[in-house]
Each structure stands twice: as structure tokens, then as C-alpha cells.
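Dumped structure-v8.cif below, it's mmCIF, C-alpha atoms:
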data_final
#
loop_
_atom_site.group_PDB
_atom_site.id
_atom_site.type_symbol
_atom_site.label_atom_id
_atom_site.label_comp_id
_atom_site.auth_asym_id
_atom_site.auth_seq_id
_atom_site.Cartn_x
_atom_site.Cartn_y
_atom_site.Cartn_z
ATOM 1 C CA MET K 595 0.000 0.000 0.000
ATOM 2 C CA SER K 596 1.165 3.480 -0.740
ATOM 3 C CA PRO K 597 1.326 5.871 2.208
ATOM 4 C CA THR K 598 -1.027 8.833 2.131
ATOM 5 C CA SER K 599 0.099 11.795 0.090
ATOM 6 C CA SER K 600 -1.960 14.289 2.080
ATOM 7 C CA ASP K 601 0.916 15.243 4.369
ATOM 8 C CA THR K 602 3.530 17.638 3.074
ATOM 9 C CA PRO K 603 6.412 15.616 1.632
ATOM 10 C CA GLU K 604 9.970 16.564 2.545
ATOM 11 C CA VAL K 605 11.261 15.149 -0.694
ATOM 12 C CA PHE K 606 9.175 15.800 -3.808
ATOM 13 C CA ALA K 607 10.327 13.950 -6.892
ATOM 14 C CA SER K 608 9.032 14.162 -10.449
ATOM 15 C CA VAL K 609 9.668 12.399 -13.725
ATOM 16 C CA GLY K 610 8.134 15.357 -15.537
ATOM 17 C CA SER K 611 4.970 15.088 -17.558
ATOM 18 C CA MET K 612 5.804 13.469 -20.885
ATOM 19 C CA PHE K 613 7.389 10.031 -20.542
ATOM 20 C CA ALA K 614 7.820 7.315 -17.934
ATOM 21 C CA PHE K 615 11.108 7.190 -16.010
ATOM 22 C CA ASP K 616 10.906 3.961 -14.028
ATOM 23 C CA ARG K 617 14.615 3.822 -13.147
ATOM 24 C CA PHE K 618 14.167 7.163 -11.373
ATOM 25 C CA ALA K 619 10.887 6.210 -9.647
ATOM 26 C CA ARG K 620 12.422 2.961 -8.390
ATOM 27 C CA ALA K 621 15.507 4.809 -7.147
ATOM 28 C CA LEU K 622 13.337 7.191 -5.124
ATOM 29 C CA ASP K 623 11.314 4.270 -3.763
ATOM 30 C CA ASP K 624 14.494 2.451 -2.719
ATOM 31 C CA TRP K 625 15.699 5.602 -0.982
ATOM 32 C CA ALA K 626 12.335 5.955 0.770
ATOM 33 C CA ALA K 627 12.516 2.318 1.936
ATOM 34 C CA ALA K 628 15.885 3.037 3.561
ATOM 35 C CA HIS K 629 14.623 6.296 5.152
ATOM 36 C CA PRO K 630 11.152 5.504 6.510
ATOM 37 C CA ALA K 631 11.069 8.645 8.678
ATOM 38 C CA THR K 632 11.258 10.929 5.647
ATOM 39 C CA LYS K 633 8.094 11.632 3.661
ATOM 40 C CA VAL K 634 8.710 11.148 -0.042
ATOM 41 C CA LEU K 635 6.238 11.863 -2.856
ATOM 42 C CA VAL K 636 6.958 10.848 -6.447
ATOM 43 C CA GLN K 637 5.057 11.986 -9.540
ATOM 44 C CA ILE K 638 5.515 8.950 -11.793
ATOM 45 C CA GLY K 639 3.581 9.971 -14.913
ATOM 46 C CA SER K 640 2.838 6.985 -17.118
ATOM 47 C CA GLY K 641 5.472 4.769 -15.483
ATOM 48 C CA ALA K 642 4.876 1.048 -14.949
ATOM 49 C CA TYR K 643 6.721 0.989 -11.611
ATOM 50 C CA GLU K 644 4.523 2.033 -8.704
ATOM 51 C CA PRO K 645 6.480 2.972 -5.557
ATOM 52 C CA LYS K 646 5.722 0.900 -2.470
ATOM 53 C CA HIS K 647 7.538 2.930 0.183
ATOM 54 C CA ALA K 648 7.223 6.434 -1.205
ATOM 55 C CA ALA K 649 3.827 7.977 -1.868
ATOM 56 C CA PHE K 650 3.133 8.512 -5.539
ATOM 57 C CA VAL K 651 0.805 10.318 -7.912
ATOM 58 C CA ARG K 652 0.522 9.924 -11.670
ATOM 59 C CA MET K 653 0.108 13.614 -12.455
ATOM 60 C CA MET K 654 -1.017 16.636 -10.496
ATOM 61 C CA PRO K 655 -2.417 20.002 -11.602
ATOM 62 C CA PRO K 656 0.231 22.670 -12.232
ATOM 63 C CA GLY K 657 -0.794 24.757 -9.241
ATOM 64 C CA LEU K 658 -0.450 21.858 -6.820
ATOM 65 C CA TYR K 659 2.815 20.838 -8.491
ATOM 66 C CA GLN K 660 4.291 24.274 -7.824
ATOM 67 C CA ARG K 661 3.072 24.176 -4.229
ATOM 68 C CA ARG K 662 4.657 20.751 -3.656
ATOM 69 C CA ILE K 663 7.977 22.106 -4.878
ATOM 70 C CA ALA K 664 7.691 25.203 -2.715
ATOM 71 C CA GLU K 665 6.801 23.207 0.416
ATOM 72 C CA ALA K 666 9.343 20.408 0.020
ATOM 73 C CA ARG K 667 12.822 20.601 1.521
ATOM 74 C CA LEU K 668 14.283 19.088 -1.637
ATOM 75 C CA PHE K 669 13.043 18.755 -5.206
ATOM 76 C CA VAL K 670 14.365 15.801 -7.206
ATOM 77 C CA ALA K 671 13.568 15.433 -10.910
ATOM 78 C CA HIS K 672 14.611 14.362 -14.351
ATOM 79 C CA ALA K 673 16.816 16.925 -16.113
ATOM 80 C CA GLY K 674 13.903 18.550 -17.936
ATOM 81 C CA MET K 675 13.481 22.271 -18.482
ATOM 82 C CA GLY K 676 10.063 22.278 -16.821
ATOM 83 C CA SER K 677 11.644 20.975 -13.621
ATOM 84 C CA ILE K 678 14.618 23.332 -13.829
ATOM 85 C CA ILE K 679 12.474 26.413 -14.417
ATOM 86 C CA ALA K 680 10.024 25.362 -11.682
ATOM 87 C CA ALA K 681 12.877 24.919 -9.182
ATOM 88 C CA ILE K 682 14.409 28.283 -10.054
ATOM 89 C CA GLN K 683 11.048 30.049 -9.851
ATOM 90 C CA ALA K 684 10.419 28.424 -6.450
ATOM 91 C CA GLY K 685 13.945 29.127 -5.170
ATOM 92 C CA LYS K 686 14.229 25.453 -4.224
ATOM 93 C CA PRO K 687 17.337 23.241 -4.493
ATOM 94 C CA LEU K 688 16.971 20.734 -7.321
ATOM 95 C CA LEU K 689 18.749 17.416 -7.691
ATOM 96 C CA MET K 690 18.341 16.223 -11.277
ATOM 97 C CA MET K 691 19.123 12.964 -13.042
ATOM 98 C CA PRO K 692 19.183 12.828 -16.861
ATOM 99 C CA ARG K 693 17.130 10.386 -18.883
ATOM 100 C CA ARG K 694 19.143 8.028 -21.091
ATOM 101 C CA LEU K 695 18.353 7.387 -24.730
ATOM 102 C CA ASP K 696 19.956 3.915 -24.627
ATOM 103 C CA LEU K 697 17.501 2.873 -21.912
ATOM 104 C CA GLY K 698 14.528 4.205 -23.874
ATOM 105 C CA GLU K 699 13.968 6.982 -21.364
ATOM 106 C CA HIS K 700 13.747 9.775 -23.956
ATOM 107 C CA THR K 701 13.912 10.374 -27.711
ATOM 108 C CA THR K 702 17.441 11.854 -27.525
ATOM 109 C CA ASP K 703 20.229 12.338 -24.988
ATOM 110 C CA HIS K 704 19.643 16.094 -24.796
ATOM 111 C CA GLN K 705 19.145 15.965 -21.017
ATOM 112 C CA PHE K 706 22.896 15.402 -20.683
ATOM 113 C CA ALA K 707 23.450 18.585 -22.682
ATOM 114 C CA THR K 708 20.943 20.352 -20.451
ATOM 115 C CA LEU K 709 22.900 19.207 -17.394
ATOM 116 C CA ALA K 710 26.137 20.485 -18.893
ATOM 117 C CA LYS K 711 24.561 23.905 -19.482
ATOM 118 C CA PHE K 712 22.775 24.323 -16.165
ATOM 119 C CA ALA K 713 24.851 22.338 -13.650
ATOM 120 C CA GLY K 714 26.836 24.641 -11.437
ATOM 121 C CA ARG K 715 24.151 27.305 -11.205
ATOM 122 C CA ASP K 716 23.243 27.979 -7.585
ATOM 123 C CA GLY K 717 20.876 25.338 -6.274
ATOM 124 C CA LEU K 718 21.027 23.036 -9.311
ATOM 125 C CA HIS K 719 22.674 19.694 -8.515
ATOM 126 C CA THR K 720 23.239 16.681 -10.715
ATOM 127 C CA ALA K 721 23.234 12.906 -10.356
ATOM 128 C CA ILE K 722 24.200 10.726 -13.289
ATOM 129 C CA THR K 723 23.634 7.336 -11.637
ATOM 130 C CA VAL K 724 21.197 5.966 -9.100
ATOM 131 C CA ASP K 725 24.042 5.814 -6.566
ATOM 132 C CA ASP K 726 24.726 9.507 -7.224
ATOM 133 C CA LEU K 727 21.046 10.193 -6.731
ATOM 134 C CA HIS K 728 20.903 8.438 -3.369
ATOM 135 C CA ALA K 729 24.083 10.159 -2.157
ATOM 136 C CA GLY K 730 22.824 13.500 -3.444
ATOM 137 C CA ILE K 731 19.533 13.257 -1.570
ATOM 138 C CA ASP K 732 21.375 12.434 1.662
ATOM 139 C CA ALA K 733 23.811 15.296 1.192
ATOM 140 C CA LEU K 734 21.223 17.919 0.216
ATOM 141 C CA LEU K 735 18.864 17.013 3.056
ATOM 142 C CA ALA K 736 21.807 17.464 5.439
ATOM 143 C CA ASP K 737 22.819 20.760 3.814
ATOM 144 C CA GLY K 738 20.675 22.249 1.057
ATOM 145 C CA GLY K 739 23.384 24.719 0.098
ATOM 146 C CA THR K 740 22.638 27.941 -1.761
ATOM 147 C CA PRO K 741 19.154 27.927 -3.296
ATOM 148 C CA PRO K 742 18.579 29.115 -6.876
ATOM 149 C CA ALA K 743 18.637 32.880 -7.208
ATOM 150 C CA PRO K 744 15.134 34.342 -7.625
ATOM 151 C CA ILE K 745 14.099 35.343 -11.130
ATOM 152 C CA GLU K 746 11.274 37.257 -12.755
ATOM 153 C CA PRO K 747 8.235 35.172 -13.803
ATOM 154 C CA PHE K 748 8.754 36.186 -17.437
ATOM 155 C CA ALA K 749 11.569 36.099 -19.965
ATOM 156 C CA ALA K 750 13.686 39.239 -20.372
ATOM 157 C CA PRO K 751 11.825 42.117 -22.082
ATOM 158 C CA ALA K 752 14.494 42.266 -24.788
ATOM 159 C CA PHE K 753 13.325 38.805 -25.889
ATOM 160 C CA THR K 754 9.568 39.205 -25.494
ATOM 161 C CA ASP K 755 9.675 42.660 -27.141
ATOM 162 C CA ARG K 756 11.237 41.080 -30.221
ATOM 163 C CA ILE K 757 8.502 38.444 -30.348
ATOM 164 C CA ARG K 758 5.930 41.193 -29.840
ATOM 165 C CA ALA K 759 7.346 42.985 -32.867
ATOM 166 C CA PHE K 760 6.995 39.795 -34.896
ATOM 167 C CA ILE K 761 3.395 39.385 -33.739
ATOM 168 C CA HIS K 762 2.558 42.906 -34.868
ATOM 169 C CA GLY K 763 4.330 42.453 -38.171
ATOM 170 C CA SER K 764 7.002 45.047 -37.513
ATOM 171 C CA ASP K 765 9.960 42.679 -37.334
ATOM 172 C CA ALA K 766 10.602 40.696 -40.467
ATOM 173 C CA GLY K 767 13.469 38.991 -38.646
ATOM 174 C CA MET A 1207 -5.722 49.302 -40.685
ATOM 175 C CA ALA A 1208 -6.566 46.840 -37.959
ATOM 176 C CA THR A 1209 -9.867 47.512 -36.285
ATOM 177 C CA ARG A 1210 -9.596 44.506 -33.985
ATOM 178 C CA ARG A 1211 -6.948 43.064 -31.723
ATOM 179 C CA VAL A 1212 -4.359 40.718 -33.199
ATOM 180 C CA ARG A 1213 -5.401 37.121 -32.648
ATOM 181 C CA VAL A 1214 -2.599 34.930 -31.308
ATOM 182 C CA LEU A 1215 -2.682 31.171 -30.833
ATOM 183 C CA ALA A 1216 0.062 30.111 -28.409
ATOM 184 C CA VAL A 1217 0.829 26.406 -28.613
ATOM 185 C CA ALA A 1218 3.010 24.103 -26.523
ATOM 186 C CA SER A 1219 3.211 20.478 -25.489
ATOM 187 C CA GLY A 1220 3.333 19.690 -21.785
ATOM 188 C CA GLY A 1221 6.085 20.044 -19.234
ATOM 189 C CA GLY A 1222 8.950 22.326 -20.095
ATOM 190 C CA HIS A 1223 7.441 23.384 -23.423
ATOM 191 C CA TRP A 1224 4.416 24.839 -21.646
ATOM 192 C CA VAL A 1225 6.472 26.408 -18.858
ATOM 193 C CA GLN A 1226 8.598 28.176 -21.466
ATOM 194 C CA LEU A 1227 5.529 29.409 -23.359
ATOM 195 C CA LEU A 1228 4.152 30.936 -20.153
ATOM 196 C CA ARG A 1229 7.396 32.861 -19.666
ATOM 197 C CA LEU A 1230 6.844 34.521 -23.057
ATOM 198 C CA ARG A 1231 3.378 35.890 -22.176
ATOM 199 C CA PRO A 1232 4.353 39.602 -22.182
ATOM 200 C CA ALA A 1233 4.949 39.211 -25.939
ATOM 201 C CA TRP A 1234 1.199 38.996 -26.565
ATOM 202 C CA ASP A 1235 -0.054 41.414 -23.931
ATOM 203 C CA GLY A 1236 -3.022 43.250 -25.393
ATOM 204 C CA CYS A 1237 -3.615 40.613 -28.070
ATOM 205 C CA ASP A 1238 -6.631 38.335 -28.288
ATOM 206 C CA VAL A 1239 -4.798 35.168 -27.203
ATOM 207 C CA ALA A 1240 -5.860 31.537 -27.145
ATOM 208 C CA TYR A 1241 -3.752 28.694 -25.793
ATOM 209 C CA ALA A 1242 -3.405 25.064 -26.824
ATOM 210 C CA THR A 1243 -1.513 22.526 -24.720
ATOM 211 C CA VAL A 1244 -1.814 18.933 -23.551
ATOM 212 C CA HIS A 1245 -2.902 19.136 -19.908
ATOM 213 C CA PRO A 1246 -6.475 20.432 -19.414
ATOM 214 C CA ASP A 1247 -5.504 21.513 -15.874
ATOM 215 C CA ALA A 1248 -3.167 24.082 -17.395
ATOM 216 C CA ALA A 1249 -6.197 26.241 -18.255
ATOM 217 C CA ALA A 1250 -6.102 27.514 -14.661
ATOM 218 C CA GLN A 1251 -2.725 29.129 -15.392
ATOM 219 C CA VAL A 1252 -4.135 31.297 -18.186
ATOM 220 C CA PRO A 1253 -7.460 32.548 -16.793
ATOM 221 C CA GLY A 1254 -9.613 34.484 -19.193
ATOM 222 C CA ALA A 1255 -8.003 33.112 -22.332
ATOM 223 C CA ARG A 1256 -9.601 30.674 -24.742
ATOM 224 C CA PHE A 1257 -8.062 27.269 -24.116
ATOM 225 C CA PHE A 1258 -7.745 24.086 -26.137
ATOM 226 C CA SER A 1259 -6.130 20.829 -25.120
ATOM 227 C CA PHE A 1260 -4.686 18.183 -27.352
ATOM 228 C CA LYS A 1261 -3.561 14.632 -26.786
ATOM 229 C CA ASP A 1262 -0.035 14.103 -25.539
ATOM 230 C CA ALA A 1263 1.811 12.647 -28.503
ATOM 231 C CA SER A 1264 5.472 12.418 -29.269
ATOM 232 C CA ARG A 1265 7.616 10.723 -31.807
ATOM 233 C CA LYS A 1266 7.364 7.728 -29.458
ATOM 234 C CA ASN A 1267 3.638 7.542 -30.038
ATOM 235 C CA LYS A 1268 2.900 7.888 -33.730
ATOM 236 C CA ALA A 1269 -0.590 6.397 -33.592
ATOM 237 C CA SER A 1270 -1.848 9.390 -31.620
ATOM 238 C CA PHE A 1271 -0.830 11.824 -34.295
ATOM 239 C CA ALA A 1272 -4.069 11.555 -36.261
ATOM 240 C CA ILE A 1273 -6.045 12.513 -33.155
ATOM 241 C CA VAL A 1274 -3.669 15.342 -32.355
ATOM 242 C CA ALA A 1275 -3.953 16.573 -35.925
ATOM 243 C CA LEU A 1276 -7.722 16.752 -35.663
ATOM 244 C CA GLN A 1277 -7.584 18.515 -32.301
ATOM 245 C CA LEU A 1278 -5.075 21.092 -33.474
ATOM 246 C CA PHE A 1279 -6.929 21.626 -36.742
ATOM 247 C CA ARG A 1280 -10.066 22.352 -34.739
ATOM 248 C CA ALA A 1281 -8.188 24.818 -32.526
ATOM 249 C CA VAL A 1282 -6.691 26.650 -35.498
ATOM 250 C CA ALA A 1283 -9.949 26.651 -37.473
ATOM 251 C CA THR A 1284 -11.840 27.988 -34.448
ATOM 252 C CA VAL A 1285 -9.399 30.726 -33.487
ATOM 253 C CA ARG A 1286 -8.372 31.747 -37.043
ATOM 254 C CA PRO A 1287 -5.204 33.263 -35.590
ATOM 255 C CA ASP A 1288 -3.241 36.047 -37.215
ATOM 256 C CA VAL A 1289 -0.121 34.671 -35.540
ATOM 257 C CA ILE A 1290 0.897 31.323 -34.074
ATOM 258 C CA VAL A 1291 3.716 31.173 -31.528
ATOM 259 C CA THR A 1292 4.980 27.828 -30.262
ATOM 260 C CA THR A 1293 7.738 26.478 -28.039
ATOM 261 C CA GLY A 1294 7.283 22.929 -29.411
ATOM 262 C CA SER A 1295 7.257 19.994 -29.451
ATOM 263 C CA ALA A 1296 6.526 17.898 -32.561
ATOM 264 C CA PRO A 1297 2.702 18.282 -32.559
ATOM 265 C CA ALA A 1298 3.160 22.050 -32.766
ATOM 266 C CA LEU A 1299 4.480 21.567 -36.307
ATOM 267 C CA LEU A 1300 0.939 20.543 -37.198
ATOM 268 C CA ALA A 1301 -0.420 23.733 -35.681
ATOM 269 C CA ILE A 1302 2.022 25.729 -37.782
ATOM 270 C CA LEU A 1303 1.028 23.816 -40.908
ATOM 271 C CA PHE A 1304 -2.684 24.367 -40.281
ATOM 272 C CA GLY A 1305 -2.039 27.979 -39.335
ATOM 273 C CA ARG A 1306 -0.366 28.598 -42.663
ATOM 274 C CA MET A 1307 -3.383 27.114 -44.441
ATOM 275 C CA PHE A 1308 -5.469 29.837 -42.783
ATOM 276 C CA GLY A 1309 -2.938 32.542 -43.530
ATOM 277 C CA ALA A 1310 -1.370 32.914 -40.079
ATOM 278 C CA ARG A 1311 2.194 34.099 -39.586
ATOM 279 C CA THR A 1312 4.059 31.520 -37.558
ATOM 280 C CA LEU A 1313 6.944 31.569 -35.074
ATOM 281 C CA TRP A 1314 8.807 28.535 -33.758
ATOM 282 C CA VAL A 1315 10.854 28.974 -30.566
ATOM 283 C CA ASP A 1316 13.014 25.900 -30.096
ATOM 284 C CA SER A 1317 13.131 24.667 -26.486
ATOM 285 C CA ILE A 1318 15.991 25.891 -24.333
ATOM 286 C CA ALA A 1319 16.594 22.194 -23.632
ATOM 287 C CA ASN A 1320 18.143 21.920 -27.103
ATOM 288 C CA SER A 1321 21.472 23.464 -26.245
ATOM 289 C CA GLU A 1322 23.808 21.507 -28.519
ATOM 290 C CA VAL A 1323 21.633 20.839 -31.585
ATOM 291 C CA MET A 1324 18.180 22.001 -32.635
ATOM 292 C CA SER A 1325 15.375 19.537 -31.923
ATOM 293 C CA SER A 1326 14.367 17.430 -34.926
ATOM 294 C CA SER A 1327 11.070 19.310 -34.913
ATOM 295 C CA GLY A 1328 12.938 22.606 -34.821
ATOM 296 C CA LEU A 1329 14.963 21.563 -37.848
ATOM 297 C CA ARG A 1330 11.725 20.972 -39.727
ATOM 298 C CA ALA A 1331 10.309 24.258 -38.465
ATOM 299 C CA ARG A 1332 13.169 26.151 -40.122
ATOM 300 C CA LYS A 1333 11.382 25.648 -43.410
ATOM 301 C CA LEU A 1334 7.787 25.396 -42.244
ATOM 302 C CA ALA A 1335 7.510 28.423 -39.947
ATOM 303 C CA HIS A 1336 7.843 32.055 -41.032
ATOM 304 C CA GLN A 1337 10.435 32.571 -38.334
ATOM 305 C CA CYS A 1338 12.462 30.057 -36.323
ATOM 306 C CA LEU A 1339 14.436 30.797 -33.158
ATOM 307 C CA THR A 1340 16.994 28.978 -31.071
ATOM 308 C CA GLN A 1341 17.568 29.984 -27.442
ATOM 309 C CA TRP A 1342 21.324 29.400 -27.658
ATOM 310 C CA PRO A 1343 23.409 32.012 -29.526
ATOM 311 C CA GLU A 1344 25.977 29.415 -30.607
ATOM 312 C CA LEU A 1345 23.248 27.564 -32.553
ATOM 313 C CA ALA A 1346 22.134 30.640 -34.497
ATOM 314 C CA ALA A 1347 22.611 30.436 -38.264
ATOM 315 C CA ASP A 1348 21.845 32.418 -41.405
ATOM 316 C CA PRO A 1349 19.025 32.755 -42.292
ATOM 317 C CA VAL A 1350 17.559 30.562 -39.530
ATOM 318 C CA PRO A 1351 17.464 29.727 -36.710
ATOM 319 C CA LYS A 1352 17.865 33.185 -35.268
ATOM 320 C CA TYR A 1353 18.748 34.001 -31.665
ATOM 321 C CA TRP A 1354 16.574 36.733 -30.111
ATOM 322 C CA GLY A 1355 17.031 35.708 -26.463
ATOM 323 C CA ALA A 1356 16.063 32.954 -24.059
ATOM 324 C CA VAL A 1357 13.356 32.266 -21.495
ATOM 325 C CA LEU A 1358 16.028 32.081 -18.752
#
As C-alpha cells - that is how I would like this structure written.
Amino acid sequence: MSPTSSDTPEVFASVGSMFAFDRFARALDDWAAAHPATKVLVQIGSGAYEPKHAAFVRMMPPGLYQRRIAEARLFVAHAGMGSIIAAIQAGKPLLMMPRRLDLGEHTTDHQFATLAKFAGRDGLHTAITVDDLHAGIDALLADGGTPPAPIEPFAAPAFTDRIRAFIHGSDAG
Amino acid sequence: MATRRVRVLAVASGGGHWVQLLRLRPAWDGCDVAYATVHPDAAAQVPGARFFSFKDASRKNKASFAIVALQLFRAVATVRPDVIVTTGSAPALLAILFGRMFGARTLWVDSIANSEVMSSSGLRARKLAHQCLTQWPELAADPVPKYWGAVL
């Protein structure tokens, strides 16, 4: 039986919203089994593996998703831009593990490129393997480090102004 | 000259594509905007705007494409947008195609996730869309994709 997900989880983990990521869901469940005092909630999407020790949901509305990130002590996710942007906007440390093409976890290996571009920013931490992931959760729960720097909710005006000009037909590009 | 507001259809798949689209919202301030994305719950994030959802389909799930095509055709035919803006993914190419059939001007913004090469959909969009952007300056090329900035 899955524990209730009504209590605020300390660790909120998400595979994102597009594809299954069973290796990740199982890794979080294994960590939860070894740390029964810590509440763990995993959004598993369409995954076949259903956690037995961590609480899980398939998918939650965006508003609740953002609240779970804000309320958790640590956010753990695949290395997707939705997760990265959500963590930055929430000012919450993120531990991210990339999906692997060779395991059928995505259509390309671009999440490794994403890691290379974003790793090292304040509050964004990486785990390549399941062992890394387990060690990273332990370390970040002990010391969350510097959270992501707060950002505006919208892209820079220089960018959106250019798109606005395109929309109004005054920028042929 | 225009006696009505510019109609914009903003299209994105779920997850990061949608989050990136939301960060571009100031670009269509004052326009008559409609949104199309995969998760019906996302409507709550764009109150007051017309909203369409379409089935989550990717290149992993080709059978769904016929359904997605119908859903996106309906959205485009209903809105009759002057402009379509999308942050991907693959289904958004269909929206651009349908938009062109109705005379819309179309803009593809490749996801910021594609930092080393354009997405395969973005490569197709270089020819299909009126304008095609990358969010990484090192991927910019002449004539497309162009780099105008990034959501982060």
C-alpha cells in the first residue's frame, strides 16, 4: 500500500509530464525504503513501476505541483526544463538525473546537454547514476546549500519585445 | 488598418514546453490570445483566455498523431489566428502547418533544452515556420534559426 500523500512531503520527486522514467521512480522508492522517517512523494507519470515505500501520484495540476515544490525541503527530478524552471522560480534546491536514450527513457540524450549547461548554477545539482542520486539526496537534506537565485516570472523584455514585434508584423526577422 | 486586436494562438506540449511558453506571455499582452496545450488543468494558469487541449503525442507515439492533428486543426480553425507562436514539441508543427493554411504568420521557438543541436522538430520548423528561433546564440545560423534571447 502506498502511504497517504496528504501530508507535506519533505522530498518531492518528479519524472516530468511526458514520458515514464521507471529507473528514477524505483531509485526514489528504494531511498524511501531506507529512510522511513522521511516523507517522499513521487510523480511517476505513465510509469509502470509504482512505488511501495514512497507515496506517488501519476500527475497533479500545475498549481499543486508548484506548491509541492515550494513546500518540500528538496526537489528531485529528471533533467527537464520544466523541472529546472520550476525549481528556479520556487527558489528550491533541485537534484536532477538525466534520462538516457539507450535505456529508452527519452527520444534523444539532450538531457545530458541540459545538465552540462545548467549544472553549477546555484541550487542546481546533478546525479548521473542511481548511486549519485541516493548520495545526493542524503547530502542535500543534510545541507541544502545555496538555493537558486530568484528570477522574474517572465523572460527578459528584450526577448519578449522582439517576439511582440513579430506578432505585430514590424519585425521581419 | 486593424480595427480589432491581433489574434494569437500560443501552442506548446506539456512540461517544459508549456512552462517556457508561459514565460513569453508579455509578448502577446493586449492581443486576443488563445492557448493550446496537452494538460487540461493548465487552463487555470491562463485565466480568461480561450483554451484548447490536445492529446499528448510524441515521436514515441505515432498512432496518436491523427487525433492530435484533428484537435489542433479544430483549434486553429476555431481561433483563425493572425499569428501562431509555439515552443514545441513535434505536434506544434501541425499547428504551424494548419495555421499557414489559414494565412497565419508563424513563429517557432526551439526549447531551451536543445542546447547543442536544434530539436528534430525545430529543424523541420526552419522551413515550415515564417520565423524560427533557437535559445542558444551558438546555434544561431543564417538565415535561420535566429537568436533573439532565451526564457532564462
So, with only C-alpha atoms as the atoms that count, which of A:Ala1301, A:Ile1290, A:Val1285, A:Ala1269 lies closest to chain K?
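Smallest distance to chain K is found for A:Ile1290.
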Would you mind listing, as a short mmCIF file (atom, residue, chain, number, x, y, z; two decimals) with C-alpha atoms, in the frame of the given file, all residues of chain K that have at least one atom within 10 Å of chain A, where only C-alpha atoms are what counts?
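Below is the file iface10.cif, written as the result:
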data_model
loop_
_atom_site.label_atom_id
_atom_site.label_comp_id
_atom_site.auth_asym_id
_atom_site.auth_seq_id
_atom_site.Cartn_x
_atom_site.Cartn_y
_atom_site.Cartn_z
CA GLY K 610 8.13 15.36 -15.54
CA SER K 611 4.97 15.09 -17.56
CA MET K 612 5.80 13.47 -20.88
CA PHE K 613 7.39 10.03 -20.54
CA MET K 653 0.11 13.61 -12.46
CA MET K 654 -1.02 16.64 -10.50
CA PRO K 655 -2.42 20.00 -11.60
CA PRO K 656 0.23 22.67 -12.23
CA GLY K 657 -0.79 24.76 -9.24
CA ALA K 673 16.82 16.92 -16.11
CA GLY K 674 13.90 18.55 -17.94
CA MET K 675 13.48 22.27 -18.48
CA GLY K 676 10.06 22.28 -16.82
CA SER K 677 11.64 20.98 -13.62
CA ILE K 678 14.62 23.33 -13.83
CA ILE K 679 12.47 26.41 -14.42
CA ALA K 680 10.02 25.36 -11.68
CA ILE K 682 14.41 28.28 -10.05
CA GLY K 698 14.53 4.20 -23.87
CA HIS K 700 13.75 9.78 -23.96
CA THR K 701 13.91 10.37 -27.71
CA THR K 702 17.44 11.85 -27.52
CA HIS K 704 19.64 16.09 -24.80
CA GLN K 705 19.14 15.96 -21.02
CA PHE K 706 22.90 15.40 -20.68
CA ALA K 707 23.45 18.58 -22.68
CA THR K 708 20.94 20.35 -20.45
CA LEU K 709 22.90 19.21 -17.39
CA ALA K 710 26.14 20.48 -18.89
CA LYS K 711 24.56 23.90 -19.48
CA PHE K 712 22.78 24.32 -16.16
CA ILE K 745 14.10 35.34 -11.13
CA GLU K 746 11.27 37.26 -12.76
CA PRO K 747 8.24 35.17 -13.80
CA PHE K 748 8.75 36.19 -17.44
CA ALA K 749 11.57 36.10 -19.96
CA ALA K 750 13.69 39.24 -20.37
CA PRO K 751 11.82 42.12 -22.08
CA ALA K 752 14.49 42.27 -24.79
CA PHE K 753 13.32 38.80 -25.89
CA THR K 754 9.57 39.20 -25.49
CA ASP K 755 9.68 42.66 -27.14
CA ARG K 756 11.24 41.08 -30.22
CA ILE K 757 8.50 38.44 -30.35
CA ARG K 758 5.93 41.19 -29.84
CA ALA K 759 7.35 42.98 -32.87
CA PHE K 760 7.00 39.80 -34.90
CA ILE K 761 3.40 39.38 -33.74
CA HIS K 762 2.56 42.91 -34.87
CA GLY K 763 4.33 42.45 -38.17
CA ALA K 766 10.60 40.70 -40.47
CA GLY K 767 13.47 38.99 -38.65
#
For the file shown, report as a tab-separated table (two decimals) with C-alpha atoms, in the coordinates of the input the outcome of the PyMOL selection byres ((chain A and resi 1241) around 6) at residue level.
chain	number	residue	atom	x	y	z
A	1215	LEU	CA	-2.68	31.17	-30.83
A	1216	ALA	CA	0.06	30.11	-28.41
A	1217	VAL	CA	0.83	26.41	-28.61
A	1240	ALA	CA	-5.86	31.54	-27.14
A	1242	ALA	CA	-3.40	25.06	-26.82
A	1257	PHE	CA	-8.06	27.27	-24.12
Would you mind listing what lies within 8 Å of Asp716 (chain K) as a VMD selection string, with only C-alpha atoms counted and same-chain residues fewer than 4 positions away left out?
chain K and resid 740 to 743
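Note that the spacing between CA of Asp601 (chain K) and CA of Arg661 (chain K) amounts to 12.6 Å.
Picture a line from CA of Ala1346 (chain A) to CA of Leu1334 (chain A); it runs 17.1 Å.
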Determine, counting all atoms listed in the file, which protein, DNA and RNA residues have an atom within 10 Å of an atom of region 625-628 of chain K; residues of the same chain fewer than 5 positions away are not included. Present the result as a list in words.
Val605, Ala619, Arg620, Lys633, Val634, Leu635, Pro645, Lys646, His647, Ala648, Ala649, Val724, Leu727, His728, Ala729, Ile731 and Asp732 of chain K
Residues returned when the PyMOL selection byres ((chain A and resi 1279) around 10) runs on this file, as an mmCIF file with C-alpha atoms, in the frame of the given file:
data_model
loop_
_atom_site.group_PDB
_atom_site.id
_atom_site.type_symbol
_atom_site.label_atom_id
_atom_site.label_comp_id
_atom_site.auth_asym_id
_atom_site.auth_seq_id
_atom_site.Cartn_x
_atom_site.Cartn_y
_atom_site.Cartn_z
ATOM 1 C CA ILE A 1273 -6.045 12.513 -33.155
ATOM 2 C CA VAL A 1274 -3.669 15.342 -32.355
ATOM 3 C CA ALA A 1275 -3.953 16.573 -35.925
ATOM 4 C CA LEU A 1276 -7.722 16.752 -35.663
ATOM 5 C CA GLN A 1277 -7.584 18.515 -32.301
ATOM 6 C CA LEU A 1278 -5.075 21.092 -33.474
ATOM 7 C CA ARG A 1280 -10.066 22.352 -34.739
ATOM 8 C CA ALA A 1281 -8.188 24.818 -32.526
ATOM 9 C CA VAL A 1282 -6.691 26.650 -35.498
ATOM 10 C CA ALA A 1283 -9.949 26.651 -37.473
ATOM 11 C CA THR A 1284 -11.840 27.988 -34.448
ATOM 12 C CA VAL A 1285 -9.399 30.726 -33.487
ATOM 13 C CA LEU A 1300 0.939 20.543 -37.198
ATOM 14 C CA ALA A 1301 -0.420 23.733 -35.681
ATOM 15 C CA ILE A 1302 2.022 25.729 -37.782
ATOM 16 C CA LEU A 1303 1.028 23.816 -40.908
ATOM 17 C CA PHE A 1304 -2.684 24.367 -40.281
ATOM 18 C CA GLY A 1305 -2.039 27.979 -39.335
#
Tell me, as a VMD selection string, which residues lie within 12 Å of Leu668 (chain K), counting all atoms listed in the file; anything in the same chain fewer than 5 positions away does not count.
chain K and resid 602 to 608 632 to 635 662 to 663 681 684 to 690 717 to 719 730 to 739 741
